[in-house]
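As structure tokens, the structure follows; a few thoughts come after it.
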Amino acid sequence: MIKLPSISDKRGQWRLWSSAALKILVATIVPLLCSCEKELDFEYHYEPPKTVIEGTLDQHGARVSLTLTTPMDEPVDRTRLTDATVTVEDLTAGTVRSLLPDADGYFTDATPGEPGHSYRLKVLRDGVTYTSDCLMKAPTEILEMKFRWVKMPYDHVAALRISLADIPGEESYYWVRLLRNGKGYQWMFINDKGMEDGTVKGATFTTRMDADEEDEKNRLVDGDVVTAIVTPVSLEMIDYLVALGNDSNGPAMFSGGFCLGYFLAAPVCEESVVFHPAEIEVEE
């Protein structure tokens with residue numbers, strides 16, 4: 001496993017890479033001039049396992065998963081760790097809740113989060129403490145969700161359009177996760193820049209009308225259920241998710257010991273639509 005450089009420090013990356021390149025160049029040329037050999041052993045495929053914390057708090061309660069990273073040459077190990085102390089502190093109300101592992105290895109608590117309150121997730125494991133703070137934003141609502149056939153040069157494509165009730169009084173960002181028959185399908189981000197009527201709109205292309213010409217990643221067939229799960233998030237969280245999608249490093253979401261992962265305190269809403277291609281309107 002190789003730790004990629006941070007996307008937020010391009011100049012720093014160039015300095016680091018330039019320095020590394022110079023050292024490699026010197027290490028290569030000097031032995032040649034001296035007519036001697038030296039083996040250089042770079043173990044870039046291995047890093048000691050790092051703690052991964054994935055925590056959420058919404059109107060249904062808190063759930064936290066603890067795992068370890070897996071070396072590149074080994075099968076992915078998704079075993080959840082339960083040898084930790086996990087708490088969620090309501091910094092606004094001054095209360096603390098302890099989370100206990102369930103049968104699946106998730107640390108959970110059924111106490112709902114309150115919009116407008118700030119929360120702190122704290123994890124203590126092997127003598128190391130990890131903390132992350134998050135302000136819980138106000139909830140949104142899915143106003144409309146439907147497909148429209150859009151004419152493209154190669155075929156008609158089903159565009160899924162979603163309208164949300166905007167959170168008033170602030171610049172807002174929304175993370176929209178799409179499931180296909182209960183499994184991950186796509187995700188996208190919507191923000192309210194340029195929106196003036198209190199409604200936020202977003203769209204994504206899904207499947208072609210000729211499903212036989214579509215790849216499995218995007219293909220929808222008659223009867224498929226597409227579910228949208230919408231969460232208001234911070235710009236920092238979007239930066240983190242974008243970096244994750246690009247196989248790069250995003251902002252550090254925890255303080256204390258070094259770990260990977262995130263803590264997201266936010267209400268969620270969801271809506272489902274059944275894909276019936278013959279009933280979708282065609283947009284000229």
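Residue numbers start at 1 in each chain; chains themselves are named A, B, ... in the order of the structure tokens; ligands are numbered from 1 in the order shown.
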Residue list (helix (DSSP H, G or I), DSSP) for stretch 84-264 of chain A, as a PyMOL selection string:
chain A and resi 211-213+235-245
If you take only C-alpha atoms and a cut-off of 8 Å, which residues of stretch 189-247 of chain A touch stretch 140-147 of chain A, and what are their nearest atom pairs and distances in Å to one decimal, in chain and number order, as a Markdown table?
| residue | atom | partner | partner_atom | distance |
| --- | --- | --- | --- | --- |
| A:Val230 | CA | A:Thr140 | CA | 7.9 |
| A:Thr231 | CA | A:Thr140 | CA | 7.8 |
| A:Pro232 | CA | A:Thr140 | CA | 7.2 |
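Proximity of A:Met195, A:Cys259, A:Leu220, A:Ala158 to A:Pro48, computed with only C-alpha atoms, is greatest for A:Cys259.
Between A:Gly256 and the residues A:Met209, A:Val176, A:Met237, A:Val123, the shortest atom-to-atom distance, using only C-alpha atoms, involves A:Val123.
Atom pair atom CA of A:Met253 / atom CA of A:Tyr130 has a distance of 9.8 Å (rounded to one decimal).
Nearest to A:Lys50 of all the residues A:Leu135, A:Ile162, A:Phe258, A:Leu264 is A:Phe258, based on only C-alpha atoms.
Of the residues listed (A:Asn246, A:Ser234, A:Asn181, A:Thr85), A:Asn181 shows the shortest atom-to-atom separation from A:Asp222; distances use only C-alpha atoms.
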Taking the chain letters and numbering used in this document, name the residues of stretch 76-190 of chain A that DSSP puts in strand (DSSP E or B), as a VMD selection string.
chain A and resid 85 to 90 95 to 101 107 to 109 118 to 125 128 to 135 142 to 151 156 to 165 173 to 180 183 to 190
For a quick check of understanding, using only C-alpha atoms, which of A:Glu47, A:Glu89, A:Glu216, A:Asp133 has the smallest distance to A:Pro71?
A:Glu47
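Using only C-alpha atoms, the shortest contact distance between A:Pro277 and any of A:Ala165, A:Glu196, A:Asn191, A:Arg148 is found at A:Arg148.
Residues surrounding A:Arg180 within 12 Å are Gln186, Trp187, Thr206, Thr207, Glu216, Lys217, Asn218, Arg219, Leu220, Val221, Asp222, Gly223, Asp224, Val225, Val226, Thr227, Ala228, Ile229, Ser272, Val273, Val274 and Phe275 of chain A [only C-alpha atoms; sequence separation below 6 positions excluded].
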Generate a file of the selected residues that holds N, CA, C and O atoms, formatted as a compact mmCIF listing (two decimals), in the first residue's frame.
# COMPACT_ATOMS: atom_id res chain seq x y z
N GLN A 186 -24.16 4.86 -8.24
CA GLN A 186 -23.44 6.09 -8.57
C GLN A 186 -23.48 7.01 -7.35
O GLN A 186 -24.23 6.78 -6.40
N TRP A 187 -22.66 8.08 -7.43
CA TRP A 187 -22.86 9.18 -6.49
C TRP A 187 -22.58 10.49 -7.20
O TRP A 187 -21.94 10.52 -8.26
N THR A 206 -27.70 7.79 -16.70
CA THR A 206 -27.67 6.41 -16.23
C THR A 206 -27.51 5.46 -17.41
O THR A 206 -26.40 5.28 -17.91
N THR A 207 -28.59 4.87 -17.92
CA THR A 207 -28.49 3.81 -18.91
C THR A 207 -28.95 4.26 -20.29
O THR A 207 -29.74 5.20 -20.42
N GLU A 216 -22.37 -3.04 -17.89
CA GLU A 216 -23.04 -3.47 -16.66
C GLU A 216 -23.01 -2.38 -15.60
O GLU A 216 -23.93 -2.28 -14.77
N LYS A 217 -21.97 -1.57 -15.59
CA LYS A 217 -21.82 -0.54 -14.56
C LYS A 217 -22.98 0.44 -14.57
O LYS A 217 -23.44 0.89 -13.53
N ASN A 218 -23.51 0.77 -15.76
CA ASN A 218 -24.59 1.76 -15.88
C ASN A 218 -25.94 1.17 -16.24
O ASN A 218 -26.96 1.85 -16.12
N ARG A 219 -25.98 -0.09 -16.68
CA ARG A 219 -27.21 -0.65 -17.24
C ARG A 219 -28.34 -0.73 -16.20
O ARG A 219 -28.17 -1.18 -15.09
N LEU A 220 -29.52 -0.24 -16.64
CA LEU A 220 -30.75 -0.43 -15.89
C LEU A 220 -31.72 -1.20 -16.77
O LEU A 220 -31.79 -0.96 -17.98
N VAL A 221 -32.50 -2.11 -16.17
CA VAL A 221 -33.51 -2.86 -16.91
C VAL A 221 -34.86 -2.64 -16.25
O VAL A 221 -34.95 -2.17 -15.11
N ASP A 222 -35.89 -2.93 -16.99
CA ASP A 222 -37.26 -2.72 -16.51
C ASP A 222 -37.47 -3.39 -15.15
O ASP A 222 -37.21 -4.57 -14.97
N GLY A 223 -37.93 -2.59 -14.19
CA GLY A 223 -38.19 -3.10 -12.86
C GLY A 223 -37.11 -2.81 -11.84
O GLY A 223 -37.31 -3.02 -10.63
N ASP A 224 -35.95 -2.35 -12.29
CA ASP A 224 -34.89 -1.99 -11.35
C ASP A 224 -35.35 -0.84 -10.46
O ASP A 224 -36.02 0.10 -10.92
N VAL A 225 -34.99 -0.90 -9.19
CA VAL A 225 -35.33 0.15 -8.23
C VAL A 225 -34.08 0.99 -7.97
O VAL A 225 -33.05 0.47 -7.54
N VAL A 226 -34.19 2.28 -8.25
CA VAL A 226 -33.09 3.21 -7.99
C VAL A 226 -33.46 4.07 -6.78
O VAL A 226 -34.51 4.71 -6.76
N THR A 227 -32.60 4.04 -5.78
CA THR A 227 -32.84 4.78 -4.54
C THR A 227 -31.80 5.87 -4.38
O THR A 227 -30.60 5.61 -4.56
N ALA A 228 -32.26 7.07 -4.06
CA ALA A 228 -31.35 8.18 -3.78
C ALA A 228 -31.31 8.42 -2.28
O ALA A 228 -32.34 8.53 -1.63
N ILE A 229 -30.10 8.46 -1.73
CA ILE A 229 -29.88 8.80 -0.32
C ILE A 229 -29.15 10.13 -0.29
O ILE A 229 -28.02 10.23 -0.79
N SER A 272 -37.15 6.50 -3.65
CA SER A 272 -36.91 5.47 -4.65
C SER A 272 -37.82 5.65 -5.85
O SER A 272 -38.94 6.18 -5.73
N VAL A 273 -37.34 5.22 -7.01
CA VAL A 273 -38.14 5.24 -8.22
C VAL A 273 -37.88 3.94 -8.96
O VAL A 273 -36.74 3.44 -8.99
N VAL A 274 -38.94 3.37 -9.56
CA VAL A 274 -38.80 2.14 -10.32
C VAL A 274 -38.57 2.49 -11.78
O VAL A 274 -39.28 3.32 -12.36
N PHE A 275 -37.58 1.87 -12.38
CA PHE A 275 -37.23 2.15 -13.77
C PHE A 275 -38.14 1.35 -14.70
O PHE A 275 -38.06 0.12 -14.78
Residues near A:Ile167, anyone? I mean within 9 Å using only C-alpha atoms, not counting same-chain ones fewer than 6 positions away, as a PyMOL selection string.
chain A and resi 137-140+192+198-199+232
Could you jot down the atom CA of A:Ala62 to atom CA of A:Asp109 separation for me, Å, one decimal place?
5.2 Å
